[in-house]
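Colleague: Quick one, entry_0.txt (compact mmCIF, N, CA and C atoms):
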# COMPACT_ATOMS: atom_id res chain seq x y z
N MET Q 272 -89.17 -14.04 -45.38
CA MET Q 272 -87.81 -14.29 -45.14
C MET Q 272 -87.22 -13.21 -44.24
N ALA Q 273 -86.55 -13.62 -43.20
CA ALA Q 273 -85.98 -12.68 -42.24
C ALA Q 273 -84.57 -12.31 -42.67
N ILE Q 274 -84.36 -11.05 -42.63
CA ILE Q 274 -83.03 -10.56 -42.99
C ILE Q 274 -82.26 -10.30 -41.70
N GLN Q 275 -81.14 -10.89 -41.64
CA GLN Q 275 -80.31 -10.69 -40.45
C GLN Q 275 -79.22 -9.67 -40.77
N THR Q 276 -79.13 -8.73 -39.88
CA THR Q 276 -78.04 -7.76 -40.04
C THR Q 276 -77.01 -8.01 -38.97
N ARG Q 277 -75.86 -7.98 -39.40
CA ARG Q 277 -74.77 -8.24 -38.47
C ARG Q 277 -74.13 -6.91 -38.09
N LYS Q 278 -74.11 -6.64 -36.77
CA LYS Q 278 -73.47 -5.41 -36.30
C LYS Q 278 -72.01 -5.70 -36.07
N LYS Q 279 -71.24 -4.80 -36.53
CA LYS Q 279 -69.80 -4.94 -36.36
C LYS Q 279 -69.44 -4.49 -34.95
N GLN Q 280 -68.85 -5.37 -34.20
CA GLN Q 280 -68.45 -5.05 -32.83
C GLN Q 280 -67.13 -4.27 -32.86
N GLU Q 281 -67.16 -3.12 -32.22
CA GLU Q 281 -65.94 -2.32 -32.13
C GLU Q 281 -65.43 -2.39 -30.70
N ASP Q 282 -64.16 -2.42 -30.59
CA ASP Q 282 -63.57 -2.38 -29.25
C ASP Q 282 -63.63 -0.94 -28.75
N VAL Q 283 -64.33 -0.76 -27.67
CA VAL Q 283 -64.47 0.56 -27.08
C VAL Q 283 -63.63 0.61 -25.81
N GLU Q 284 -62.78 1.59 -25.74
CA GLU Q 284 -61.95 1.78 -24.55
C GLU Q 284 -62.19 3.17 -23.99
N ILE Q 285 -62.17 3.25 -22.71
CA ILE Q 285 -62.32 4.55 -22.05
C ILE Q 285 -60.93 5.00 -21.63
N ASP Q 286 -60.58 6.19 -22.07
CA ASP Q 286 -59.27 6.74 -21.75
C ASP Q 286 -59.38 7.48 -20.41
N MET Q 287 -58.68 6.97 -19.39
CA MET Q 287 -58.75 7.54 -18.04
C MET Q 287 -57.72 8.66 -17.82
N THR Q 288 -56.85 8.88 -18.74
CA THR Q 288 -55.77 9.85 -18.55
C THR Q 288 -56.29 11.26 -18.25
N PRO Q 289 -57.24 11.81 -19.01
CA PRO Q 289 -57.71 13.17 -18.68
C PRO Q 289 -58.32 13.27 -17.28
N MET Q 290 -59.04 12.24 -16.86
CA MET Q 290 -59.64 12.28 -15.53
C MET Q 290 -58.55 12.25 -14.44
N LEU Q 291 -57.54 11.42 -14.63
CA LEU Q 291 -56.44 11.37 -13.67
C LEU Q 291 -55.68 12.69 -13.63
N ASP Q 292 -55.52 13.32 -14.78
CA ASP Q 292 -54.86 14.64 -14.81
C ASP Q 292 -55.64 15.65 -13.97
N ILE Q 293 -56.95 15.65 -14.12
CA ILE Q 293 -57.79 16.59 -13.36
C ILE Q 293 -57.70 16.30 -11.86
N VAL Q 294 -57.73 15.03 -11.50
CA VAL Q 294 -57.65 14.67 -10.08
C VAL Q 294 -56.33 15.13 -9.48
N PHE Q 295 -55.22 14.92 -10.19
CA PHE Q 295 -53.93 15.35 -9.68
C PHE Q 295 -53.82 16.87 -9.61
N ILE Q 296 -54.37 17.57 -10.57
CA ILE Q 296 -54.36 19.04 -10.54
C ILE Q 296 -55.16 19.54 -9.35
N MET Q 297 -56.32 18.93 -9.08
CA MET Q 297 -57.12 19.33 -7.92
C MET Q 297 -56.39 19.03 -6.62
N LEU Q 298 -55.72 17.90 -6.55
CA LEU Q 298 -54.95 17.54 -5.36
C LEU Q 298 -53.86 18.58 -5.10
N ILE Q 299 -53.14 18.94 -6.13
CA ILE Q 299 -52.08 19.95 -5.99
C ILE Q 299 -52.69 21.28 -5.56
N PHE Q 300 -53.82 21.67 -6.14
CA PHE Q 300 -54.48 22.92 -5.78
C PHE Q 300 -54.84 22.95 -4.30
N PHE Q 301 -55.44 21.88 -3.79
CA PHE Q 301 -55.85 21.84 -2.39
C PHE Q 301 -54.65 21.81 -1.45
N ILE Q 302 -53.59 21.16 -1.83
CA ILE Q 302 -52.38 21.14 -0.99
C ILE Q 302 -51.77 22.53 -0.91
N VAL Q 303 -51.69 23.21 -2.04
CA VAL Q 303 -51.08 24.54 -2.08
C VAL Q 303 -51.91 25.57 -1.34
N THR Q 304 -53.23 25.49 -1.44
CA THR Q 304 -54.08 26.51 -0.82
C THR Q 304 -54.44 26.23 0.63
N THR Q 305 -54.05 25.09 1.15
CA THR Q 305 -54.36 24.76 2.54
C THR Q 305 -53.50 25.60 3.48
N VAL Q 306 -54.13 26.13 4.50
CA VAL Q 306 -53.41 26.89 5.52
C VAL Q 306 -53.07 25.93 6.65
N PHE Q 307 -51.81 25.85 6.97
CA PHE Q 307 -51.39 24.97 8.03
C PHE Q 307 -51.30 25.75 9.33
N VAL Q 308 -51.90 25.22 10.37
CA VAL Q 308 -51.90 25.86 11.68
C VAL Q 308 -50.53 25.66 12.32
N LYS Q 309 -50.01 26.72 12.91
CA LYS Q 309 -48.71 26.66 13.56
C LYS Q 309 -48.90 26.25 15.01
N GLN Q 310 -48.69 24.98 15.28
CA GLN Q 310 -48.87 24.45 16.63
C GLN Q 310 -47.70 24.83 17.52
N ALA Q 311 -47.98 24.87 18.81
CA ALA Q 311 -46.94 25.23 19.77
C ALA Q 311 -45.90 24.13 19.89
N GLY Q 312 -46.31 22.89 19.84
CA GLY Q 312 -45.37 21.79 19.87
C GLY Q 312 -45.19 21.12 21.22
N VAL Q 313 -45.84 21.61 22.26
CA VAL Q 313 -45.77 20.98 23.58
C VAL Q 313 -47.18 20.88 24.16
N ASP Q 314 -47.37 19.90 25.02
CA ASP Q 314 -48.65 19.76 25.70
C ASP Q 314 -48.61 20.48 27.04
N VAL Q 315 -49.68 21.20 27.33
CA VAL Q 315 -49.76 21.91 28.60
C VAL Q 315 -51.06 21.51 29.30
N ASP Q 316 -51.06 21.63 30.62
CA ASP Q 316 -52.24 21.37 31.44
C ASP Q 316 -52.97 22.70 31.60
N LYS Q 317 -53.95 22.96 30.72
CA LYS Q 317 -54.63 24.25 30.69
C LYS Q 317 -55.60 24.39 31.86
N PRO Q 318 -55.78 25.60 32.35
CA PRO Q 318 -56.76 25.83 33.42
C PRO Q 318 -58.18 25.67 32.88
N SER Q 319 -59.14 25.47 33.77
CA SER Q 319 -60.54 25.29 33.39
C SER Q 319 -61.28 26.61 33.47
N ALA Q 320 -62.32 26.75 32.64
CA ALA Q 320 -63.14 27.96 32.66
C ALA Q 320 -64.53 27.65 32.14
N LEU Q 321 -65.53 28.29 32.72
CA LEU Q 321 -66.91 28.13 32.26
C LEU Q 321 -67.15 28.87 30.95
N SER Q 322 -66.39 29.92 30.71
CA SER Q 322 -66.60 30.77 29.54
C SER Q 322 -65.76 30.35 28.33
N ALA Q 323 -65.18 29.16 28.36
CA ALA Q 323 -64.34 28.71 27.24
C ALA Q 323 -65.16 28.55 25.98
N GLU Q 324 -64.60 29.02 24.86
CA GLU Q 324 -65.26 28.88 23.56
C GLU Q 324 -64.21 28.63 22.49
N GLU Q 325 -64.63 27.98 21.43
CA GLU Q 325 -63.71 27.62 20.35
C GLU Q 325 -63.43 28.83 19.48
N ARG Q 326 -62.17 29.00 19.11
CA ARG Q 326 -61.76 30.10 18.24
C ARG Q 326 -61.62 29.56 16.82
N LYS Q 327 -62.37 30.11 15.89
CA LYS Q 327 -62.37 29.60 14.52
C LYS Q 327 -61.12 30.02 13.74
N ASN Q 328 -60.57 31.19 14.04
CA ASN Q 328 -59.42 31.69 13.28
C ASN Q 328 -58.10 31.46 13.98
N ALA Q 329 -58.06 30.55 14.94
CA ALA Q 329 -56.81 30.27 15.65
C ALA Q 329 -55.78 29.76 14.66
N TYR Q 330 -54.63 30.40 14.62
CA TYR Q 330 -53.61 30.06 13.63
C TYR Q 330 -52.24 29.83 14.27
N ILE Q 331 -51.90 30.68 15.23
CA ILE Q 331 -50.59 30.59 15.88
C ILE Q 331 -50.82 30.25 17.35
N PHE Q 332 -50.18 29.18 17.80
CA PHE Q 332 -50.32 28.76 19.18
C PHE Q 332 -49.00 28.98 19.91
N VAL Q 333 -49.08 29.71 21.02
CA VAL Q 333 -47.93 29.97 21.87
C VAL Q 333 -48.15 29.17 23.15
N ALA Q 334 -47.21 28.28 23.47
CA ALA Q 334 -47.34 27.46 24.67
C ALA Q 334 -46.35 27.92 25.73
N ILE Q 335 -46.81 27.94 26.96
CA ILE Q 335 -45.94 28.21 28.10
C ILE Q 335 -46.09 27.00 29.02
N ASP Q 336 -45.02 26.23 29.16
CA ASP Q 336 -45.13 25.00 29.95
C ASP Q 336 -44.93 25.25 31.43
N ASP Q 337 -44.95 24.19 32.22
CA ASP Q 337 -44.84 24.32 33.68
C ASP Q 337 -43.45 24.74 34.13
N LYS Q 338 -42.48 24.73 33.22
CA LYS Q 338 -41.12 25.20 33.54
C LYS Q 338 -40.89 26.62 33.04
N ASN Q 339 -41.98 27.31 32.64
CA ASN Q 339 -41.94 28.68 32.14
C ASN Q 339 -41.12 28.82 30.87
N GLN Q 340 -41.14 27.79 30.03
CA GLN Q 340 -40.50 27.85 28.72
C GLN Q 340 -41.56 28.18 27.69
N ILE Q 341 -41.21 29.01 26.71
CA ILE Q 341 -42.15 29.48 25.70
C ILE Q 341 -41.85 28.77 24.38
N PHE Q 342 -42.91 28.25 23.74
CA PHE Q 342 -42.76 27.53 22.47
C PHE Q 342 -43.73 28.07 21.44
N ILE Q 343 -43.23 28.25 20.22
CA ILE Q 343 -44.08 28.53 19.05
C ILE Q 343 -43.57 27.63 17.93
N ASP Q 344 -44.46 26.87 17.34
CA ASP Q 344 -44.12 25.99 16.22
C ASP Q 344 -42.93 25.09 16.56
N LYS Q 345 -42.96 24.51 17.76
CA LYS Q 345 -41.96 23.58 18.29
C LYS Q 345 -40.59 24.21 18.56
N ASP Q 346 -40.50 25.52 18.45
CA ASP Q 346 -39.24 26.23 18.75
C ASP Q 346 -39.34 26.89 20.11
N MET Q 347 -38.33 26.68 20.96
CA MET Q 347 -38.30 27.35 22.26
C MET Q 347 -37.76 28.76 22.05
N LEU Q 348 -38.48 29.74 22.58
CA LEU Q 348 -38.14 31.15 22.37
C LEU Q 348 -37.98 31.87 23.70
N GLN Q 349 -37.25 32.96 23.62
CA GLN Q 349 -37.16 33.91 24.72
C GLN Q 349 -38.25 34.97 24.51
N PRO Q 350 -38.69 35.64 25.58
CA PRO Q 350 -39.74 36.67 25.41
C PRO Q 350 -39.38 37.73 24.36
N SER Q 351 -38.12 38.06 24.24
CA SER Q 351 -37.70 39.09 23.27
C SER Q 351 -37.86 38.63 21.82
N GLU Q 352 -38.00 37.32 21.58
CA GLU Q 352 -38.10 36.78 20.22
C GLU Q 352 -39.54 36.55 19.77
N ILE Q 353 -40.49 36.68 20.69
CA ILE Q 353 -41.88 36.32 20.39
C ILE Q 353 -42.50 37.23 19.34
N LYS Q 354 -42.34 38.53 19.48
CA LYS Q 354 -42.99 39.47 18.56
C LYS Q 354 -42.54 39.23 17.13
N ALA Q 355 -41.25 39.07 16.91
CA ALA Q 355 -40.74 38.84 15.55
C ALA Q 355 -41.27 37.54 14.98
N LYS Q 356 -41.33 36.49 15.80
CA LYS Q 356 -41.83 35.19 15.34
C LYS Q 356 -43.30 35.28 14.95
N ILE Q 357 -44.10 35.93 15.78
CA ILE Q 357 -45.52 36.07 15.48
C ILE Q 357 -45.73 36.88 14.22
N GLN Q 358 -45.00 37.97 14.08
CA GLN Q 358 -45.14 38.80 12.88
C GLN Q 358 -44.74 38.05 11.62
N SER Q 359 -43.69 37.25 11.69
CA SER Q 359 -43.29 36.49 10.50
C SER Q 359 -44.33 35.42 10.16
N LEU Q 360 -44.94 34.78 11.16
CA LEU Q 360 -45.98 33.78 10.89
C LEU Q 360 -47.26 34.43 10.39
N ARG Q 361 -47.52 35.65 10.80
CA ARG Q 361 -48.74 36.34 10.37
C ARG Q 361 -48.66 36.79 8.92
N THR Q 362 -47.46 36.85 8.34
CA THR Q 362 -47.37 37.19 6.92
C THR Q 362 -48.02 36.12 6.06
N GLU Q 363 -48.06 34.87 6.56
CA GLU Q 363 -48.70 33.77 5.85
C GLU Q 363 -50.22 33.84 5.96
N ASN Q 364 -50.73 34.35 7.08
CA ASN Q 364 -52.17 34.42 7.31
C ASN Q 364 -52.44 35.62 8.22
N ILE Q 365 -52.72 36.76 7.62
CA ILE Q 365 -52.87 38.01 8.37
C ILE Q 365 -54.10 37.99 9.28
N GLU Q 366 -55.11 37.19 8.94
CA GLU Q 366 -56.33 37.10 9.75
C GLU Q 366 -56.19 36.11 10.91
N GLY Q 367 -55.12 35.33 10.92
CA GLY Q 367 -54.95 34.31 11.94
C GLY Q 367 -54.78 34.89 13.33
N GLU Q 368 -55.44 34.26 14.29
CA GLU Q 368 -55.36 34.71 15.68
C GLU Q 368 -54.29 33.95 16.44
N VAL Q 369 -53.81 34.57 17.49
CA VAL Q 369 -52.82 33.96 18.37
C VAL Q 369 -53.55 33.41 19.59
N VAL Q 370 -53.25 32.17 19.94
CA VAL Q 370 -53.83 31.55 21.13
C VAL Q 370 -52.69 31.18 22.06
N ILE Q 371 -52.76 31.67 23.29
CA ILE Q 371 -51.74 31.37 24.29
C ILE Q 371 -52.23 30.19 25.12
N GLN Q 372 -51.44 29.12 25.12
CA GLN Q 372 -51.76 27.92 25.88
C GLN Q 372 -50.81 27.87 27.06
N ALA Q 373 -51.26 28.37 28.20
CA ALA Q 373 -50.41 28.43 29.38
C ALA Q 373 -50.75 27.30 30.34
N ASP Q 374 -49.72 26.65 30.86
CA ASP Q 374 -49.90 25.60 31.86
C ASP Q 374 -50.40 26.22 33.16
N LYS Q 375 -51.14 25.43 33.95
CA LYS Q 375 -51.65 25.91 35.25
C LYS Q 375 -50.51 26.37 36.15
N LYS Q 376 -49.34 25.76 36.02
CA LYS Q 376 -48.21 26.06 36.90
C LYS Q 376 -47.30 27.14 36.34
N ALA Q 377 -47.62 27.68 35.16
CA ALA Q 377 -46.79 28.74 34.57
C ALA Q 377 -46.95 30.01 35.39
N ARG Q 378 -45.88 30.79 35.44
CA ARG Q 378 -45.88 32.06 36.18
C ARG Q 378 -46.86 33.03 35.54
N ALA Q 379 -47.76 33.60 36.32
CA ALA Q 379 -48.77 34.53 35.81
C ALA Q 379 -48.12 35.75 35.17
N GLY Q 380 -47.02 36.22 35.74
CA GLY Q 380 -46.33 37.37 35.17
C GLY Q 380 -45.81 37.10 33.77
N LEU Q 381 -45.30 35.89 33.55
CA LEU Q 381 -44.80 35.51 32.22
C LEU Q 381 -45.95 35.41 31.22
N VAL Q 382 -47.07 34.83 31.66
CA VAL Q 382 -48.24 34.72 30.78
C VAL Q 382 -48.71 36.10 30.35
N LEU Q 383 -48.78 37.04 31.29
CA LEU Q 383 -49.20 38.40 30.96
C LEU Q 383 -48.19 39.11 30.06
N GLU Q 384 -46.90 38.85 30.27
CA GLU Q 384 -45.88 39.43 29.41
C GLU Q 384 -46.03 38.92 27.97
N VAL Q 385 -46.24 37.62 27.82
CA VAL Q 385 -46.43 37.04 26.48
C VAL Q 385 -47.72 37.57 25.85
N LEU Q 386 -48.77 37.69 26.64
CA LEU Q 386 -50.04 38.25 26.15
C LEU Q 386 -49.85 39.67 25.64
N ASP Q 387 -49.12 40.48 26.38
CA ASP Q 387 -48.86 41.86 25.98
C ASP Q 387 -48.02 41.92 24.70
N ILE Q 388 -47.00 41.09 24.61
CA ILE Q 388 -46.15 41.06 23.41
C ILE Q 388 -46.97 40.64 22.20
N ALA Q 389 -47.81 39.62 22.36
CA ALA Q 389 -48.62 39.13 21.24
C ALA Q 389 -49.61 40.19 20.77
N LYS Q 390 -50.21 40.91 21.71
CA LYS Q 390 -51.14 41.97 21.33
C LYS Q 390 -50.42 43.10 20.61
N ASN Q 391 -49.21 43.41 21.04
CA ASN Q 391 -48.43 44.47 20.39
C ASN Q 391 -47.95 44.07 19.00
N SER Q 392 -48.04 42.79 18.66
CA SER Q 392 -47.65 42.36 17.31
C SER Q 392 -48.78 42.64 16.31
N GLY Q 393 -49.93 43.04 16.80
CA GLY Q 393 -51.04 43.39 15.92
C GLY Q 393 -52.07 42.28 15.74
N ALA Q 394 -51.91 41.18 16.42
CA ALA Q 394 -52.82 40.04 16.25
C ALA Q 394 -53.93 40.06 17.30
N ASN Q 395 -55.03 39.40 16.99
CA ASN Q 395 -56.06 39.14 18.00
C ASN Q 395 -55.54 37.99 18.85
N VAL Q 396 -55.64 38.14 20.17
CA VAL Q 396 -55.03 37.18 21.09
C VAL Q 396 -56.08 36.67 22.06
N SER Q 397 -56.01 35.37 22.36
CA SER Q 397 -56.87 34.78 23.39
C SER Q 397 -56.04 33.76 24.17
N VAL Q 398 -56.56 33.40 25.34
CA VAL Q 398 -55.88 32.44 26.20
C VAL Q 398 -56.71 31.15 26.21
N ALA Q 399 -56.05 30.02 25.98
CA ALA Q 399 -56.74 28.73 25.90
C ALA Q 399 -57.06 28.22 27.29
N THR Q 400 -58.27 27.66 27.42
CA THR Q 400 -58.71 27.02 28.67
C THR Q 400 -59.46 25.74 28.32
N GLU Q 401 -59.64 24.89 29.31
CA GLU Q 401 -60.45 23.69 29.15
C GLU Q 401 -61.88 24.06 29.52
N ARG Q 402 -62.84 23.59 28.76
CA ARG Q 402 -64.25 23.88 29.05
C ARG Q 402 -64.73 23.03 30.20
N VAL Q 403 -65.38 23.69 31.15
CA VAL Q 403 -65.99 23.00 32.29
C VAL Q 403 -67.44 22.78 31.95
N GLU Q 404 -67.90 21.55 32.06
CA GLU Q 404 -69.29 21.22 31.73
C GLU Q 404 -70.18 21.39 32.94
Could you quickly redo this structure as structure tokens?

Modeller:
Amino acid sequence: MAIQTRKKQEDVEIDMTPMLDIVFIMLIFFIVTTVFVKQAGVDVDKPSALSAEERKNAYIFVAIDDKNQIFIDKDMLQPSEIKAKIQSLRTENIEGEVVIQADKKARAGLVLEVLDIAKNSGANVSVATERVE
């Protein structure tokens, strides 16, 4: 004689709340710790160079357009305001480098003045160019 055993079926539910909590905490962590690059805010026609290389720590971009206007983080600045702006942005990321994006038609004297001011702010500075293949 065969004995049949009846298993009691239990309703099993998976509680997703702890997993969602962890996902949201991780999302908040990554948003808070992300370093946002300070873009210049304008497009410039950069000169070409064979020695162009990518800068990994580029953080602050200074643009000089064809009308000799200077922009940092979409704000138009005068040369006298550049050092203070760079120093205030560097408090967020002290290792961040400054990249000067000068238009081909920008005045060379202005580009050199901005380069000198940026270097005097204590940052590593480079000038952006287009890579020639």

Colleague: Take atom C of Phe301 in chain Q and atom C of Glu366 in chain Q and report the distance between them in Å, one decimal.

Modeller: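 Those two atoms sit 19.0 Å apart.
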
Colleague: One decimal, Å: what's the distance from atom C of Leu321 in chain Q over to atom C of Thr400 in chain Q, could you say?

Modeller: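 Straight-line distance from atom C of Leu321 in chain Q to atom C of Thr400 in chain Q works out to 8.7 Å.
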
Colleague: For Arg402 in chain Q, find every residue with an atom within 6 Å (counting all atoms listed in the file), except residues of its own chain fewer than 4 positions away, and show them as a PyMOL selection string.

Modeller: chain Q and resi 319-321+323

Colleague: Please dump the current selection as a PDB file, keeping the file's coordinate frame; keep N, CA and C atoms.

Modeller:
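And here is the file that came out, part-v8.pdb:
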ATOM      1  N   SER Q 319     -59.140  25.470  33.770  1.00  0.00           N
ATOM      2  CA  SER Q 319     -60.540  25.290  33.390  1.00  0.00           C
ATOM      3  C   SER Q 319     -61.280  26.610  33.470  1.00  0.00           C
ATOM      4  N   ALA Q 320     -62.320  26.750  32.640  1.00  0.00           N
ATOM      5  CA  ALA Q 320     -63.140  27.960  32.660  1.00  0.00           C
ATOM      6  C   ALA Q 320     -64.530  27.650  32.140  1.00  0.00           C
ATOM      7  N   LEU Q 321     -65.530  28.290  32.720  1.00  0.00           N
ATOM      8  CA  LEU Q 321     -66.910  28.130  32.260  1.00  0.00           C
ATOM      9  C   LEU Q 321     -67.150  28.870  30.950  1.00  0.00           C
ATOM     10  N   ALA Q 323     -65.180  29.160  28.360  1.00  0.00           N
ATOM     11  CA  ALA Q 323     -64.340  28.710  27.240  1.00  0.00           C
ATOM     12  C   ALA Q 323     -65.160  28.550  25.980  1.00  0.00           C
TER      13      ALA Q 323
END

Colleague: What's the separation between atom N of Gly367 in chain Q and CA of Glu324 in chain Q, in Å to one decimal place?

Modeller: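 Calculated distance between atom N of Gly367 in chain Q and CA of Glu324 in chain Q is 17.4 Å.
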
Colleague: In chain Q, what's helix (DSSP H, G or I) per DSSP? Answer as a ChimeraX atom specification?

Modeller: /Q:288-304,350-361,379-391

Colleague: Using the chain letters and numbers from this document, which residues of chain Q does DSSP assign to strand (DSSP E or B), as a list in words?

Modeller: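 Reading the DSSP output for chain Q, strand (DSSP E or B) covers Lys309, Ser319, Ala320, Ala329, Tyr330, Ile331, Phe332, Val333, Ala334, Ile335, Ile341, Phe342, Ile343, Asp346, Met347, Leu348, Glu368, Val369, Val370, Ile371, Gln372, Ala373, Val396, Ser397, Val398, Glu401 and Arg402 of chain Q.
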
Colleague: So, counting only N, CA and C atoms, which residue among Q:Leu360, Q:Ile343, Q:Ile302, Q:Asp336 is closest to Gln372 in chain Q?

Modeller: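 Selected residue with least distance to Gln372 in chain Q: Q:Asp336.
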
Colleague: Find the spatial neighbours of range 382-392 of chain Q, counting all atoms listed in the file, within a cut-off of 8 Å - ignore same-chain residues fewer than 6 positions away - and output them as a ChimeraX atom specification.

Modeller: /Q:335,350,353-355,357-358,369,371,373

Colleague: So which one's closest to Ala377 in chain Q, Q:Ile331, Q:Val403, Q:Ile285, Q:Val315? Using only C-alpha atoms, please.

Modeller: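 Distance minimum relative to Ala377 in chain Q lands on Q:Val315.
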
Colleague: Take every atom of range 370-389 of chain Q listed in the file, pad by 8 Å on each side, and give me the axis-aligned box centre and edge lengths in Å, one decimal, as AutoDock Vina command-line options.

Modeller:
--center_x -49.3 --center_y 33.7 --center_z 28.4 --size_x 25.0 --size_y 32.5 --size_z 33.0

Colleague: How about completing range 318-330 of chain Q with N, CA, C and O atoms and giving it to me as a PDB file, in the frame of the given file?

Modeller:
ATOM      1  N   PRO Q 318     -55.780  25.600  32.350  1.00  0.00           N
ATOM      2  CA  PRO Q 318     -56.760  25.830  33.420  1.00  0.00           C
ATOM      3  C   PRO Q 318     -58.180  25.670  32.880  1.00  0.00           C
ATOM      4  O   PRO Q 318     -58.416  25.746  31.677  1.00  0.00           O
ATOM      5  N   SER Q 319     -59.140  25.470  33.770  1.00  0.00           N
ATOM      6  CA  SER Q 319     -60.540  25.290  33.390  1.00  0.00           C
ATOM      7  C   SER Q 319     -61.280  26.610  33.470  1.00  0.00           C
ATOM      8  O   SER Q 319     -60.935  27.490  34.262  1.00  0.00           O
ATOM      9  N   ALA Q 320     -62.320  26.750  32.640  1.00  0.00           N
ATOM     10  CA  ALA Q 320     -63.140  27.960  32.660  1.00  0.00           C
ATOM     11  C   ALA Q 320     -64.530  27.650  32.140  1.00  0.00           C
ATOM     12  O   ALA Q 320     -64.696  26.849  31.220  1.00  0.00           O
ATOM     13  N   LEU Q 321     -65.530  28.290  32.720  1.00  0.00           N
ATOM     14  CA  LEU Q 321     -66.910  28.130  32.260  1.00  0.00           C
ATOM     15  C   LEU Q 321     -67.150  28.870  30.950  1.00  0.00           C
ATOM     16  O   LEU Q 321     -68.008  28.502  30.159  1.00  0.00           O
ATOM     17  N   SER Q 322     -66.390  29.920  30.710  1.00  0.00           N
ATOM     18  CA  SER Q 322     -66.600  30.770  29.540  1.00  0.00           C
ATOM     19  C   SER Q 322     -65.760  30.350  28.330  1.00  0.00           C
ATOM     20  O   SER Q 322     -65.659  31.097  27.374  1.00  0.00           O
ATOM     21  N   ALA Q 323     -65.180  29.160  28.360  1.00  0.00           N
ATOM     22  CA  ALA Q 323     -64.340  28.710  27.240  1.00  0.00           C
ATOM     23  C   ALA Q 323     -65.160  28.550  25.980  1.00  0.00           C
ATOM     24  O   ALA Q 323     -66.281  28.066  25.998  1.00  0.00           O
ATOM     25  N   GLU Q 324     -64.600  29.020  24.860  1.00  0.00           N
ATOM     26  CA  GLU Q 324     -65.260  28.880  23.560  1.00  0.00           C
ATOM     27  C   GLU Q 324     -64.210  28.630  22.490  1.00  0.00           C
ATOM     28  O   GLU Q 324     -63.045  29.007  22.634  1.00  0.00           O
ATOM     29  N   GLU Q 325     -64.630  27.980  21.430  1.00  0.00           N
ATOM     30  CA  GLU Q 325     -63.710  27.620  20.350  1.00  0.00           C
ATOM     31  C   GLU Q 325     -63.430  28.830  19.480  1.00  0.00           C
ATOM     32  O   GLU Q 325     -64.332  29.601  19.152  1.00  0.00           O
ATOM     33  N   ARG Q 326     -62.170  29.000  19.110  1.00  0.00           N
ATOM     34  CA  ARG Q 326     -61.760  30.100  18.240  1.00  0.00           C
ATOM     35  C   ARG Q 326     -61.620  29.560  16.820  1.00  0.00           C
ATOM     36  O   ARG Q 326     -60.829  28.658  16.581  1.00  0.00           O
ATOM     37  N   LYS Q 327     -62.370  30.110  15.890  1.00  0.00           N
ATOM     38  CA  LYS Q 327     -62.370  29.600  14.520  1.00  0.00           C
ATOM     39  C   LYS Q 327     -61.120  30.020  13.740  1.00  0.00           C
ATOM     40  O   LYS Q 327     -60.670  29.308  12.866  1.00  0.00           O
ATOM     41  N   ASN Q 328     -60.570  31.190  14.040  1.00  0.00           N
ATOM     42  CA  ASN Q 328     -59.420  31.690  13.280  1.00  0.00           C
ATOM     43  C   ASN Q 328     -58.100  31.460  13.980  1.00  0.00           C
ATOM     44  O   ASN Q 328     -57.113  32.133  13.676  1.00  0.00           O
ATOM     45  N   ALA Q 329     -58.060  30.550  14.940  1.00  0.00           N
ATOM     46  CA  ALA Q 329     -56.810  30.270  15.650  1.00  0.00           C
ATOM     47  C   ALA Q 329     -55.780  29.760  14.660  1.00  0.00           C
ATOM     48  O   ALA Q 329     -56.026  28.807  13.923  1.00  0.00           O
ATOM     49  N   TYR Q 330     -54.630  30.400  14.620  1.00  0.00           N
ATOM     50  CA  TYR Q 330     -53.610  30.060  13.630  1.00  0.00           C
ATOM     51  C   TYR Q 330     -52.240  29.830  14.270  1.00  0.00           C
ATOM     52  O   TYR Q 330     -51.521  28.935  13.897  1.00  0.00           O
TER      53      TYR Q 330
END
